[in-house]
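This is data-v3.cif. It holds mmCIF, C-alpha atoms.
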data_start
#
loop_
_atom_site.label_atom_id
_atom_site.label_comp_id
_atom_site.auth_asym_id
_atom_site.auth_seq_id
_atom_site.Cartn_x
_atom_site.Cartn_y
_atom_site.Cartn_z
CA MET A 1 0.00 0.00 0.00
CA GLU A 2 1.23 3.52 -0.79
CA PRO A 3 2.34 5.15 2.48
CA PRO A 4 -0.04 7.94 3.43
CA VAL A 5 0.99 11.55 3.41
CA VAL A 6 -0.35 13.72 6.19
CA THR A 7 -1.53 17.22 5.40
CA LEU A 8 -2.88 19.63 7.97
CA THR A 9 -4.11 22.90 6.48
CA GLU A 10 -4.95 25.84 8.76
CA CYS A 11 -6.27 23.21 11.12
CA SER A 12 -7.87 24.42 14.36
CA LYS A 13 -9.61 22.54 17.14
CA ARG A 14 -11.70 24.15 19.85
CA PHE A 15 -13.02 22.41 22.98
CA GLY A 16 -15.68 24.70 24.39
CA ASP A 17 -13.99 28.03 25.10
CA ARG A 18 -10.48 26.63 24.77
CA LEU A 19 -8.64 26.68 21.46
CA ALA A 20 -6.44 23.58 21.66
CA LEU A 21 -4.94 23.93 18.20
CA ARG A 22 -4.60 27.17 16.26
CA LYS A 23 -4.37 27.15 12.44
CA ALA A 24 -1.80 24.38 12.29
CA THR A 25 -0.31 23.74 8.86
CA LEU A 26 1.93 20.71 8.52
CA THR A 27 2.85 18.26 5.80
CA ILE A 28 4.50 14.94 6.46
CA ALA A 29 6.01 13.25 3.44
CA ALA A 30 5.77 9.52 2.90
CA GLY A 31 8.40 7.74 4.96
CA GLU A 32 9.23 10.84 6.99
CA THR A 33 9.54 10.79 10.78
CA ILE A 34 8.60 13.87 12.75
CA VAL A 35 8.99 14.38 16.48
CA LEU A 36 6.42 16.76 17.90
CA LEU A 37 7.84 18.63 20.89
CA GLY A 38 6.10 20.94 23.31
CA PRO A 39 5.10 21.41 26.94
CA ASN A 40 2.05 19.83 28.54
CA GLY A 41 -1.14 21.29 27.11
CA ALA A 42 0.58 22.52 23.96
CA GLY A 43 -1.88 20.62 21.76
CA LYS A 44 0.27 17.64 20.78
CA SER A 45 -2.38 15.03 21.61
CA THR A 46 -5.07 17.06 19.84
CA LEU A 47 -2.92 17.26 16.72
CA LEU A 48 -2.27 13.52 16.77
CA ARG A 49 -5.96 12.71 17.24
CA LEU A 50 -6.85 15.02 14.35
CA VAL A 51 -4.35 13.22 12.12
CA ALA A 52 -5.74 9.86 13.26
CA GLY A 53 -9.23 11.02 12.32
CA LEU A 54 -10.48 10.60 15.88
CA LEU A 55 -11.30 14.30 16.11
CA ARG A 56 -12.93 16.56 13.54
CA PRO A 57 -11.26 19.96 13.03
CA THR A 58 -13.25 23.01 14.09
CA ALA A 59 -11.72 24.83 11.11
CA GLY A 60 -9.31 23.90 8.36
CA SER A 61 -8.64 20.35 7.31
CA ALA A 62 -6.72 17.23 8.28
CA GLN A 63 -6.08 14.84 5.42
CA ILE A 64 -4.37 11.52 4.97
CA ALA A 65 -3.41 10.64 1.41
CA GLY A 66 -5.68 13.44 0.22
CA VAL A 67 -8.69 12.09 2.09
CA ASP A 68 -10.40 13.78 5.04
CA ALA A 69 -8.96 11.95 8.06
CA THR A 70 -12.31 11.50 9.82
CA SER A 71 -13.82 9.75 6.82
CA ALA A 72 -10.81 7.65 5.88
CA PRO A 73 -12.02 4.47 4.20
CA ARG A 74 -11.29 1.07 5.69
CA SER A 75 -8.44 0.44 3.26
CA LEU A 76 -6.68 3.58 4.52
CA ARG A 77 -7.44 2.91 8.19
CA ALA A 78 -5.77 -0.49 7.79
CA GLY A 79 -2.47 1.35 7.36
CA ILE A 80 -2.82 3.69 10.34
CA ALA A 81 -1.83 2.94 13.93
CA TYR A 82 -2.30 5.30 16.85
CA ALA A 83 -1.19 4.80 20.43
CA GLY A 84 -2.33 7.52 22.77
CA HIS A 85 -2.07 8.29 26.47
CA ARG A 86 -4.24 5.30 27.25
CA SER A 87 -3.36 1.80 26.09
CA GLN A 88 -6.54 1.32 24.00
CA LEU A 89 -6.75 -2.22 25.38
CA TYR A 90 -9.43 -4.08 27.33
CA ARG A 91 -8.48 -4.29 31.01
CA GLY A 92 -10.43 -7.49 31.61
CA LEU A 93 -8.58 -9.41 28.90
CA THR A 94 -5.10 -10.92 28.97
CA ALA A 95 -2.24 -9.49 26.93
CA ARG A 96 -2.62 -12.34 24.44
CA GLU A 97 -6.40 -11.94 24.17
CA ASN A 98 -6.01 -8.21 23.50
CA LEU A 99 -3.60 -8.86 20.64
CA GLU A 100 -5.80 -11.68 19.32
CA LEU A 101 -8.73 -9.26 19.13
CA HIS A 102 -6.56 -6.68 17.39
CA ALA A 103 -5.34 -9.27 14.87
CA ARG A 104 -8.91 -10.41 14.20
CA LEU A 105 -10.11 -6.85 13.58
CA GLN A 106 -7.11 -6.16 11.35
CA GLY A 107 -7.74 -9.37 9.43
CA GLN A 108 -4.33 -10.80 10.38
CA ARG A 109 -4.84 -14.52 10.68
CA ASP A 110 -1.16 -15.43 10.76
CA LEU A 111 0.08 -12.97 13.40
CA ASP A 112 2.58 -14.67 15.71
CA ILE A 113 1.36 -13.23 19.00
CA THR A 114 3.83 -15.16 21.14
CA ALA A 115 6.76 -13.78 19.14
CA LEU A 116 5.31 -10.27 19.32
CA LEU A 117 4.90 -10.47 23.10
CA ASN A 118 8.42 -11.84 23.46
CA HIS A 119 9.71 -8.96 21.34
CA VAL A 120 8.25 -6.36 23.71
CA GLY A 121 9.38 -8.29 26.79
CA LEU A 122 5.96 -9.54 27.87
CA GLY A 123 6.29 -13.16 26.79
CA ASP A 124 6.12 -14.45 30.36
CA ARG A 125 3.04 -12.30 31.15
CA ALA A 126 1.10 -13.20 28.00
CA ASP A 127 -1.77 -14.91 29.80
CA GLU A 128 -2.17 -12.43 32.65
CA TYR A 129 -5.03 -9.95 32.75
CA ILE A 130 -3.67 -6.51 31.98
CA ASP A 131 -5.58 -5.15 34.99
CA GLY A 132 -2.44 -5.78 37.02
CA PHE A 133 0.04 -4.38 34.49
CA SER A 134 2.21 -1.39 35.34
CA ARG A 135 2.11 1.74 33.20
CA GLY A 136 5.31 0.69 31.46
CA MET A 137 3.99 -2.78 30.67
CA LEU A 138 0.83 -1.28 29.21
CA GLN A 139 2.99 1.00 27.07
CA ARG A 140 4.95 -1.99 25.80
CA LEU A 141 1.74 -3.84 24.97
CA ALA A 142 0.29 -0.74 23.31
CA LEU A 143 3.44 -0.48 21.20
CA ALA A 144 3.07 -4.14 20.22
CA ARG A 145 -0.56 -3.56 19.28
CA ALA A 146 0.25 -0.43 17.27
CA THR A 147 3.04 -2.04 15.25
CA ALA A 148 1.59 -5.55 14.89
CA HIS A 149 -0.03 -4.88 11.54
CA GLN A 150 2.99 -3.08 10.02
CA PRO A 151 1.21 0.27 9.63
CA ALA A 152 2.25 2.73 6.96
CA LEU A 153 1.48 5.62 9.32
CA LEU A 154 2.45 5.32 12.98
CA LEU A 155 1.17 7.93 15.44
CA LEU A 156 2.55 7.75 18.97
CA ASP A 157 1.61 10.08 21.80
CA GLU A 158 4.32 10.26 24.45
CA PRO A 159 5.15 6.57 24.02
CA ALA A 160 8.09 6.71 26.45
CA SER A 161 6.04 7.70 29.50
CA GLY A 162 6.25 4.99 32.11
CA LEU A 163 8.86 2.98 30.22
CA ASP A 164 12.01 1.76 31.96
CA ALA A 165 15.46 1.94 30.34
CA ASP A 166 14.96 -1.28 28.40
CA GLY A 167 11.55 -0.11 27.27
CA ARG A 168 13.02 3.14 25.96
CA LEU A 169 15.63 1.21 24.01
CA LEU A 170 12.85 -0.94 22.55
CA LEU A 171 10.91 2.19 21.59
CA ASP A 172 13.95 3.82 19.96
CA ALA A 173 14.68 0.60 18.06
CA THR A 174 11.06 0.41 16.87
CA LEU A 175 11.15 4.00 15.63
CA ARG A 176 14.55 3.49 14.01
CA ALA A 177 13.26 0.42 12.21
CA GLY A 178 10.53 2.56 10.69
CA LEU A 179 12.83 5.33 9.45
CA GLY A 180 12.38 5.83 5.74
CA THR A 181 9.93 2.95 5.42
CA ARG A 182 6.90 4.28 7.22
CA THR A 183 5.56 7.70 8.10
CA GLN A 184 5.95 8.37 11.82
CA LEU A 185 4.63 11.20 13.97
CA VAL A 186 5.71 11.02 17.60
CA ALA A 187 4.70 13.45 20.34
CA SER A 188 7.39 13.57 22.98
CA HIS A 189 8.95 15.55 25.83
CA ASP A 190 12.35 14.08 24.97
CA ASP A 191 14.27 16.92 23.29
CA GLY A 192 17.04 14.52 22.34
CA LEU A 193 14.79 12.15 20.38
CA PRO A 194 14.92 13.99 17.02
CA ALA A 195 18.71 13.96 17.05
CA ARG A 196 18.85 10.28 18.09
CA LEU A 197 16.53 9.34 15.25
CA GLY A 198 17.78 11.85 12.73
CA ALA A 199 14.18 13.05 12.48
CA ARG A 200 12.65 16.46 11.91
CA ALA A 201 11.56 18.24 15.09
CA VAL A 202 8.39 20.32 15.09
CA HIS A 203 7.62 22.54 18.07
CA LEU A 204 4.12 23.18 19.30
CA ASN A 205 3.35 25.79 21.92
CA ALA A 206 -0.05 26.92 23.21
CA GLY A 207 -1.73 25.34 20.20
CA SER A 208 0.50 26.97 17.61
CA LEU A 209 3.18 25.34 15.50
CA ALA A 210 6.50 27.19 15.63
CA MET B 1 -18.66 -6.95 9.10
CA ILE B 2 -20.37 -9.85 10.87
CA PRO B 3 -17.08 -11.47 12.03
CA ALA B 4 -15.95 -8.14 13.51
CA ALA B 5 -19.31 -7.65 15.26
CA LEU B 6 -19.16 -11.18 16.65
CA ALA B 7 -15.59 -10.62 17.88
CA ILE B 8 -16.67 -7.46 19.71
CA ALA B 9 -19.76 -9.15 21.19
CA ARG B 10 -17.63 -12.10 22.30
CA VAL B 11 -15.23 -9.78 24.14
CA LYS B 12 -18.17 -8.20 25.95
CA PHE B 13 -19.50 -11.60 27.02
CA VAL B 14 -16.05 -12.72 28.19
CA LEU B 15 -15.65 -9.53 30.22
CA GLU B 16 -19.10 -9.98 31.74
CA LEU B 17 -18.36 -13.60 32.65
CA ARG B 18 -15.20 -12.47 34.43
CA ARG B 19 -16.45 -9.31 36.07
CA ARG B 20 -20.18 -9.93 36.56
CA GLU B 21 -20.87 -6.20 36.55
CA VAL B 22 -23.95 -5.95 34.36
CA ILE B 23 -26.08 -9.09 34.42
CA PHE B 24 -26.01 -9.47 38.21
CA ALA B 25 -27.29 -5.91 38.73
CA MET B 26 -29.95 -6.43 36.05
CA LEU B 27 -31.10 -9.68 37.64
CA LEU B 28 -31.30 -8.13 41.08
CA PHE B 29 -33.34 -5.21 39.77
CA ILE B 30 -35.87 -7.22 37.76
CA ALA B 31 -36.30 -9.83 40.51
CA ALA B 32 -36.86 -7.14 43.13
CA THR B 33 -39.41 -5.39 40.89
CA ILE B 34 -41.37 -8.58 40.23
CA VAL B 35 -41.44 -9.56 43.91
CA ILE B 36 -42.42 -6.08 45.10
CA VAL B 37 -45.27 -5.78 42.58
CA HIS B 38 -46.42 -9.30 43.46
CA PHE B 39 -46.83 -8.31 47.09
CA ALA B 40 -48.44 -5.00 46.14
CA LEU B 41 -51.04 -6.76 43.99
CA SER B 42 -51.69 -9.77 46.19
CA GLY B 43 -55.38 -10.08 46.93
CA ASP B 44 -56.38 -8.13 43.83
CA THR B 45 -57.62 -10.99 41.69
CA GLY B 46 -59.44 -8.76 39.20
CA ALA B 47 -56.80 -6.52 37.72
CA GLY B 48 -53.85 -8.61 38.87
CA SER B 49 -53.15 -10.46 35.62
CA ARG B 50 -53.31 -7.37 33.42
CA ALA B 51 -51.19 -5.39 35.86
CA ALA B 52 -48.67 -8.24 35.97
CA ALA B 53 -48.40 -8.18 32.17
CA GLY B 54 -47.74 -4.42 32.15
CA MET B 55 -45.34 -4.71 35.05
CA LEU B 56 -43.21 -7.30 33.23
CA TRP B 57 -42.67 -4.95 30.31
CA ALA B 58 -41.90 -1.94 32.50
CA ALA B 59 -39.43 -4.06 34.48
CA VAL B 60 -37.76 -5.32 31.28
CA VAL B 61 -37.30 -1.80 29.92
CA PHE B 62 -35.87 -0.32 33.13
CA THR B 63 -33.64 -3.36 33.59
CA ALA B 64 -32.39 -2.91 30.03
CA VAL B 65 -31.54 0.74 30.74
CA LEU B 66 -29.46 -0.44 33.69
CA GLY B 67 -27.43 -2.63 31.35
CA LEU B 68 -27.25 -0.01 28.62
CA LEU B 69 -25.56 2.42 31.01
CA ARG B 70 -22.52 0.11 30.82
CA THR B 71 -22.64 -0.39 27.03
CA PHE B 72 -19.26 1.16 26.22
CA ALA B 73 -17.81 1.18 29.76
CA ALA B 74 -15.11 -1.40 28.97
CA GLU B 75 -14.09 0.56 25.87
CA GLN B 76 -13.75 3.77 27.86
CA GLU B 77 -11.52 2.42 30.63
CA GLU B 78 -8.35 2.37 28.53
CA GLY B 79 -9.59 4.07 25.36
CA ALA B 80 -10.24 0.82 23.46
CA LEU B 81 -12.94 2.59 21.47
CA ASP B 82 -10.19 4.53 19.64
CA ALA B 83 -8.65 1.25 18.54
CA LEU B 84 -12.03 -0.01 17.33
CA LEU B 85 -12.69 3.21 15.42
CA LEU B 86 -9.31 2.99 13.69
CA ALA B 87 -9.65 -0.69 12.85
CA PRO B 88 -10.36 -1.43 9.19
CA ILE B 89 -13.91 -2.59 9.91
CA ASP B 90 -17.30 -1.18 9.11
CA ARG B 91 -18.08 1.06 12.11
CA ALA B 92 -21.56 -0.41 12.19
CA ALA B 93 -19.83 -3.58 13.42
CA ILE B 94 -18.97 -1.79 16.68
CA TRP B 95 -22.60 -0.89 17.20
CA ILE B 96 -23.90 -4.31 16.15
CA GLY B 97 -21.37 -6.07 18.41
CA ALA B 98 -22.42 -3.96 21.39
CA ALA B 99 -26.11 -4.48 20.56
CA LEU B 100 -25.60 -8.25 20.30
CA ALA B 101 -24.08 -8.25 23.77
CA GLN B 102 -26.97 -6.21 25.19
CA PHE B 103 -29.43 -8.56 23.52
CA GLY B 104 -27.64 -11.53 25.09
CA PHE B 105 -27.62 -9.94 28.54
CA LEU B 106 -31.37 -9.30 28.31
CA VAL B 107 -32.06 -12.88 27.23
CA VAL B 108 -30.04 -14.25 30.17
CA VAL B 109 -31.94 -12.01 32.59
CA GLU B 110 -35.32 -12.96 31.13
CA VAL B 111 -34.52 -16.69 31.22
CA VAL B 112 -34.39 -16.29 35.00
CA ALA B 113 -36.99 -13.56 35.52
CA VAL B 114 -39.87 -14.73 33.30
CA PRO B 115 -40.32 -18.10 35.07
CA VAL B 116 -40.33 -16.25 38.42
CA TRP B 117 -42.94 -13.82 37.06
CA TRP B 118 -45.00 -16.73 35.77
CA VAL B 119 -44.89 -18.69 39.03
CA LEU B 120 -45.75 -15.68 41.19
CA PHE B 121 -48.63 -14.37 39.11
CA PHE B 122 -50.13 -17.21 37.09
CA GLN B 123 -50.38 -20.31 39.23
CA ALA B 124 -54.00 -20.71 38.09
CA GLY B 125 -53.21 -20.40 34.38
CA GLY B 126 -51.59 -17.57 32.47
CA PRO B 127 -50.95 -16.27 29.00
CA SER B 128 -49.63 -18.33 26.10
CA ILE B 129 -45.95 -18.49 26.95
CA GLY B 130 -44.94 -18.87 23.29
CA THR B 131 -46.41 -15.48 22.37
CA VAL B 132 -44.81 -13.81 25.38
CA VAL B 133 -41.40 -15.30 24.52
CA VAL B 134 -41.61 -14.21 20.86
CA ALA B 135 -42.71 -10.72 21.93
CA LEU B 136 -39.83 -10.49 24.42
CA LEU B 137 -37.26 -11.64 21.84
CA LEU B 138 -38.47 -9.10 19.28
CA ALA B 139 -38.54 -6.41 21.96
CA ASN B 140 -35.03 -7.31 23.11
CA ILE B 141 -33.74 -6.76 19.58
CA GLY B 142 -35.38 -3.33 19.39
CA ILE B 143 -34.25 -2.29 22.87
CA ALA B 144 -30.67 -3.42 22.20
CA LEU B 145 -30.53 -1.62 18.84
CA VAL B 146 -32.06 1.63 20.04
CA GLY B 147 -30.30 1.55 23.39
CA THR B 148 -26.86 0.99 21.89
CA LEU B 149 -27.47 3.77 19.41
CA ALA B 150 -28.44 6.09 22.27
CA ALA B 151 -25.40 4.96 24.27
CA ALA B 152 -23.21 5.93 21.30
CA LEU B 153 -24.96 9.31 21.12
CA ALA B 154 -24.45 9.92 24.84
CA LEU B 155 -20.84 8.73 24.80
CA GLY B 156 -19.21 12.14 24.69
CA ALA B 157 -21.55 13.77 27.19
CA ARG B 158 -20.42 14.35 30.76
CA THR B 159 -23.97 13.66 31.96
CA ARG B 160 -24.39 10.47 29.92
CA ASP B 161 -25.83 8.51 32.85
CA VAL B 162 -28.74 10.96 32.91
CA LEU B 163 -28.86 11.53 29.18
CA LEU B 164 -29.09 7.86 28.21
CA PRO B 165 -32.45 7.11 29.90
CA VAL B 166 -33.79 10.43 28.59
CA LEU B 167 -32.90 9.32 25.06
CA VAL B 168 -33.90 5.67 25.37
CA LEU B 169 -37.18 5.71 27.26
CA PRO B 170 -39.24 7.76 24.77
CA LEU B 171 -37.90 5.62 21.92
CA VAL B 172 -38.88 2.34 23.55
CA ILE B 173 -42.43 3.39 24.52
CA PRO B 174 -43.76 1.84 21.26
CA ILE B 175 -42.02 -1.42 22.22
CA VAL B 176 -43.67 -1.44 25.64
CA LEU B 177 -47.10 -0.70 24.18
CA ALA B 178 -46.76 -3.45 21.56
CA GLY B 179 -45.34 -5.87 24.14
CA VAL B 180 -48.14 -5.27 26.61
CA THR B 181 -50.72 -5.62 23.83
CA ALA B 182 -49.13 -8.88 22.68
CA THR B 183 -49.19 -10.19 26.25
CA TYR B 184 -52.88 -9.31 26.63
CA GLY B 185 -53.38 -11.20 23.38
CA ALA B 186 -51.61 -14.16 24.92
CA PHE B 187 -54.35 -14.20 27.57
CA GLY B 188 -56.83 -14.75 24.77
CA GLU B 189 -58.00 -11.13 24.56
CA GLU B 190 -58.82 -9.82 21.10
CA VAL B 191 -55.96 -7.44 20.20
CA GLY B 192 -55.75 -7.86 16.46
CA GLY B 193 -54.09 -11.22 16.00
CA LEU B 194 -50.36 -10.96 15.25
CA ARG B 195 -50.43 -7.19 14.81
CA PRO B 196 -48.35 -6.31 17.93
CA LEU B 197 -45.70 -8.89 17.02
CA GLY B 198 -45.63 -7.57 13.47
CA PHE B 199 -45.21 -4.05 14.82
CA LEU B 200 -42.26 -5.16 16.97
CA ALA B 201 -40.61 -6.83 13.96
CA LEU B 202 -41.14 -3.70 11.86
CA TYR B 203 -39.71 -1.51 14.65
CA ASP B 204 -36.59 -3.69 14.70
CA LEU B 205 -36.17 -3.43 10.94
CA VAL B 206 -36.57 0.35 10.92
CA PHE B 207 -33.93 0.81 13.62
CA VAL B 208 -31.53 -1.62 11.96
CA ALA B 209 -31.72 0.51 8.81
CA LEU B 210 -31.55 3.82 10.70
CA ALA B 211 -28.63 2.84 12.88
CA TRP B 212 -26.78 1.22 9.99
CA GLY B 213 -26.86 4.47 8.11
CA THR B 214 -25.84 6.68 11.01
CA SER B 215 -23.34 4.61 13.02
CA GLU B 216 -20.36 5.82 10.96
CA HIS B 217 -21.07 9.40 12.07
CA LEU B 218 -22.37 8.63 15.56
CA LEU B 219 -19.28 6.71 16.57
CA GLY B 220 -16.89 9.31 15.16
CA ASP B 221 -15.87 12.62 16.73
#

Let me see the structure of the file written as C-alpha cells.
Amino acid sequence: MEPPVVTLTECSKRFGDRLALRKATLTIAAGETIVLLGPNGAGKSTLLRLVAGLLRPTAGSAQIAGVDATSAPRSLRAGIAYAGHRSQLYRGLTARENLELHARLQGQRDLDITALLNHVGLGDRADEYIDGFSRGMLQRLALARATAHQPALLLLDEPASGLDADGRLLLDATLRAGLGTRTQLVASHDDGLPARLGARAVHLNAGSLA
Amino acid sequence: MIPAALAIARVKFVLELRRREVIFAMLLFIAATIVIVHFALSGDTGAGSRAAAGMLWAAVVFTAVLGLLRTFAAEQEEGALDALLLAPIDRAAIWIGAALAQFGFLVVVEVVAVPVWWVLFFQAGGPSIGTVVVALLLANIGIALVGTLAAALALGARTRDVLLPVLVLPLVIPIVLAGVTATYGAFGEEVGGLRPLGFLALYDLVFVALAWGTSEHLLGD
C-alpha cells in the first residue's frame, strides 16, 4: 500500500472556550519521521488525534493521502496505527487476548502473537489480565498492538512515558526500524529524540506550530 | 462486518463472565421489581393479571436501561474505542457487536426472571408463553438496537448517565405498548391477531436501517 501523506491545512480545534490547536499547517512526506515537541497542554495530543481522524477539526482540514482523516475508508485505516495516552486495550482481557482481538479486527490470521509479546518483553506475562500491568507494561503492549499490523502511518503520543530503560531502548529501536519505510509522527517531551533518530523536530506551543 | 461484530460481542461476554458487573445488577433489579409488585397486587384478583403483564414490560425496559448504562464502559476504561474506530472494519460492526451483547444480557436475565414472574402471578393459568417469549425476543432486539445507538450518542456527554435514559425511554415506549398488547393477546384477549408482534418486527427493521446508516457518524468525533 502507498504510504499515506499527512496534510494539515490551517487546522484548528476548539473544545468549548479553549482553542487547543490554532491554524496548524503541517505536511509529512511519505516515509518521513517527525517528532512533535512541546510542553504539557501545547496541543500535541489534539494534533495527533486530528491526524488519526479521531477528532474533527473546528476549522481547516486534516487529510491523509488526500482524504479527510475522519472519513478515511477502511483500506486507509488499515495502514494507520495510533497509540495515545491510554493503552486502548481491554483491562479485563489478557495481553494475548487483546492482541488476538486486534489481529482479528485487522484481518491478520497469521500474526505470531507469542513472538510479538516476546519482542516487547511480555512473553512471560502473556496470559495475565492486563488489569495488574504497570504503566510501562501497558505501554509496551500498546506499542506491540500499534506495530503488529505493520502500519504505513504510525502515530505515537508520548510513548516513552512509564517505560524503563529497556523499554526506551525498545521504543527507539522500533522507531529506528521505521525510518524511511513508514511515516511516523511522535509526540514527545524528549528533546534529544529527534537527534537520536535523525528526524525532523516540530515545536508546538499553546496550540501553535512554531 | 459480521465477524468483527461477533468478535466485539464475544469480548463483551467474556468480560461480563469475568467481572459480573452488568447481568447481576440487572437480575437483582428485575427480581426485586417482580417480587415487590407481586406483594403489592396480592389479593387483587381482578386486575392482577393485566397489571402483571404491564409490570413485566416496564421491568424489562428499566432493567435494560441499567445494562445499557454500561454499554461502552469497557471501551472507555483504557480508550479501546479509539482502537475499534481505527480498525479497518465497518463502524456499524462496533454498534452491532455492542447491541448483540446487550441482547444476550437481556435474554439471560429474562430466562431467570420470566419463570419467576410466571410462578408468582399465574399459578392458576396464564398467558400463552410462546407469544410472550416471541414478543420479548423481538422487543429485546429493538431495545438493544435503540439503546446501543443512544449509548453511542451519549458517549461524549459528561452527563451520559442521565442523558441515556432520557434518550432511550421515549424511543422504547412503542415497544412497551406493543409488548403489553401482545401479552394481553396471549391471555386470549382480542388485540388484532399478530399485529403487535408484526409491529415489533417492523420496529426492529426500521432501527436496523436507521442505525446502519448513522453509526459511521455517531461513533466518530

>> Expand the PyMOL selection byres ((chain B) within 8 of (chain A)) into the explicit residue set it covers here, and present it as a VMD selection string.
In response: chain B and resid 4 7 15 18 to 19 74 to 75 77 to 83 85 to 90 220 to 221

>> Under the PyMOL selection byres ((chain A and resi 160-166) around 10), which residues of this model are included? Write them out as a PyMOL selection string.
In response: chain A and resi 85+120-121+134-140+156-159+167-172+187-190

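All polymer residues at most 12 Å from (5.6, -13.3, 18.8), using only C-alpha atoms, appear as Ala95, Arg96, Leu99, Glu100, Asp110, Leu111, Asp112, Ile113, Thr114, Ala115, Leu116, Leu117, Asn118, His119, Val120, Gly121, Leu122, Gly123, Asp124, Ala126, Leu141, Ala144, Arg145 and Ala148 of chain A.
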
> Separation of CA of Gly185 in chain B and CA of Ala51 in chain B, in Å?
Replying inline: 13.9 Å

As a check of understanding, name the residues that the PyMOL selection byres ((chain B and resi 143) around 9) selects in the supplied structure, as a PDB file with C-alpha atoms, keeping the file's coordinate frame.
ATOM      1  CA  VAL B  61     -37.300  -1.800  29.920  1.00  0.00           C
ATOM      2  CA  ALA B  64     -32.390  -2.910  30.030  1.00  0.00           C
ATOM      3  CA  VAL B  65     -31.540   0.740  30.740  1.00  0.00           C
ATOM      4  CA  ALA B  99     -26.110  -4.480  20.560  1.00  0.00           C
ATOM      5  CA  GLN B 102     -26.970  -6.210  25.190  1.00  0.00           C
ATOM      6  CA  PHE B 103     -29.430  -8.560  23.520  1.00  0.00           C
ATOM      7  CA  LEU B 138     -38.470  -9.100  19.280  1.00  0.00           C
ATOM      8  CA  ALA B 139     -38.540  -6.410  21.960  1.00  0.00           C
ATOM      9  CA  ASN B 140     -35.030  -7.310  23.110  1.00  0.00           C
ATOM     10  CA  ILE B 141     -33.740  -6.760  19.580  1.00  0.00           C
ATOM     11  CA  GLY B 142     -35.380  -3.330  19.390  1.00  0.00           C
ATOM     12  CA  ALA B 144     -30.670  -3.420  22.200  1.00  0.00           C
ATOM     13  CA  LEU B 145     -30.530  -1.620  18.840  1.00  0.00           C
ATOM     14  CA  VAL B 146     -32.060   1.630  20.040  1.00  0.00           C
ATOM     15  CA  GLY B 147     -30.300   1.550  23.390  1.00  0.00           C
ATOM     16  CA  THR B 148     -26.860   0.990  21.890  1.00  0.00           C
ATOM     17  CA  VAL B 168     -33.900   5.670  25.370  1.00  0.00           C
ATOM     18  CA  LEU B 171     -37.900   5.620  21.920  1.00  0.00           C
ATOM     19  CA  VAL B 172     -38.880   2.340  23.550  1.00  0.00           C
ATOM     20  CA  ILE B 175     -42.020  -1.420  22.220  1.00  0.00           C
ATOM     21  CA  ASP B 204     -36.590  -3.690  14.700  1.00  0.00           C
TER      22      ASP B 204
END

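If you count all atoms listed in the file and ignore residues fewer than 6 places along the chain from Trp95 in chain B, what sits within 9 Å of it is Ala5, Leu145, Thr148, Leu149, Ala152, Ala211, Trp212, Ser215 and Leu219 of chain B.
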
With C-alpha atoms retained, write the just-selected residues as a PDB file, in the coordinates of the input.
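The result, stored in part17.pdb:
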ATOM      1  CA  ALA B   5     -19.310  -7.650  15.260  1.00  0.00           C
ATOM      2  CA  LEU B 145     -30.530  -1.620  18.840  1.00  0.00           C
ATOM      3  CA  THR B 148     -26.860   0.990  21.890  1.00  0.00           C
ATOM      4  CA  LEU B 149     -27.470   3.770  19.410  1.00  0.00           C
ATOM      5  CA  ALA B 152     -23.210   5.930  21.300  1.00  0.00           C
ATOM      6  CA  ALA B 211     -28.630   2.840  12.880  1.00  0.00           C
ATOM      7  CA  TRP B 212     -26.780   1.220   9.990  1.00  0.00           C
ATOM      8  CA  SER B 215     -23.340   4.610  13.020  1.00  0.00           C
ATOM      9  CA  LEU B 219     -19.280   6.710  16.570  1.00  0.00           C
TER      10      LEU B 219
END

Could you list, as a CSV table (one decimal) with C-alpha atoms, keeping the file's coordinate frame, every residue within 9 Å of Gly67 in chain B, counting only C-alpha atoms and ignoring same-chain residues fewer than 2 positions away?
chain,number,residue,atom,x,y,z
B,22,VAL,CA,-24.0,-6.0,34.4
B,23,ILE,CA,-26.1,-9.1,34.4
B,25,ALA,CA,-27.3,-5.9,38.7
B,26,MET,CA,-30.0,-6.4,36.0
B,62,PHE,CA,-35.9,-0.3,33.1
B,63,THR,CA,-33.6,-3.4,33.6
B,64,ALA,CA,-32.4,-2.9,30.0
B,65,VAL,CA,-31.5,0.7,30.7
B,69,LEU,CA,-25.6,2.4,31.0
B,70,ARG,CA,-22.5,0.1,30.8
B,71,THR,CA,-22.6,-0.4,27.0
B,102,GLN,CA,-27.0,-6.2,25.2
B,105,PHE,CA,-27.6,-9.9,28.5
B,106,LEU,CA,-31.4,-9.3,28.3

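Relative to CA of Ala152 in chain A, CA of Thr183 in chain A is found at 6.1 Å.
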
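For the choices B:Val37, B:Ala9, B:Leu205, B:Leu210, the atom-to-atom distance to Gly97 in chain B is smallest for B:Ala9 when using all atoms listed in the file.
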
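We find CA of Pro127 in chain B and CA of Thr183 in chain B to be spaced 6.9 Å apart.
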
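Of the residues listed (A:Leu155, A:Leu143, A:Val6, A:Leu21), A:Leu155 shows the shortest atom-to-atom separation from Leu48 in chain A; distances use only C-alpha atoms.
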
> Within 7 Å of Thr25 in chain A, counting all atoms listed in the file, which residues qualify if same-chain residues fewer than 4 places away don't, as a VMD selection string?
Replying inline: chain A and resid 8 to 11

Atoms are missing here; could range 50-54 of chain A be completed with N, CA and C atoms and written as a PDB file, in the frame of the given file?
ATOM      1  N   LEU A  50      -6.315  14.475  15.606  1.00  0.00           N
ATOM      2  CA  LEU A  50      -6.850  15.020  14.350  1.00  0.00           C
ATOM      3  C   LEU A  50      -6.280  14.251  13.159  1.00  0.00           C
ATOM      4  N   VAL A  51      -4.976  13.970  13.213  1.00  0.00           N
ATOM      5  CA  VAL A  51      -4.350  13.220  12.120  1.00  0.00           C
ATOM      6  C   VAL A  51      -4.927  11.801  12.051  1.00  0.00           C
ATOM      7  N   ALA A  52      -5.190  11.221  13.227  1.00  0.00           N
ATOM      8  CA  ALA A  52      -5.740   9.860  13.260  1.00  0.00           C
ATOM      9  C   ALA A  52      -7.196   9.820  12.795  1.00  0.00           C
ATOM     10  N   GLY A  53      -7.818  10.987  12.721  1.00  0.00           N
ATOM     11  CA  GLY A  53      -9.230  11.020  12.320  1.00  0.00           C
ATOM     12  C   GLY A  53     -10.167  10.766  13.476  1.00  0.00           C
ATOM     13  N   LEU A  54      -9.630  10.829  14.702  1.00  0.00           N
ATOM     14  CA  LEU A  54     -10.480  10.600  15.880  1.00  0.00           C
ATOM     15  C   LEU A  54     -11.129  11.886  16.361  1.00  0.00           C
TER      16      LEU A  54
END
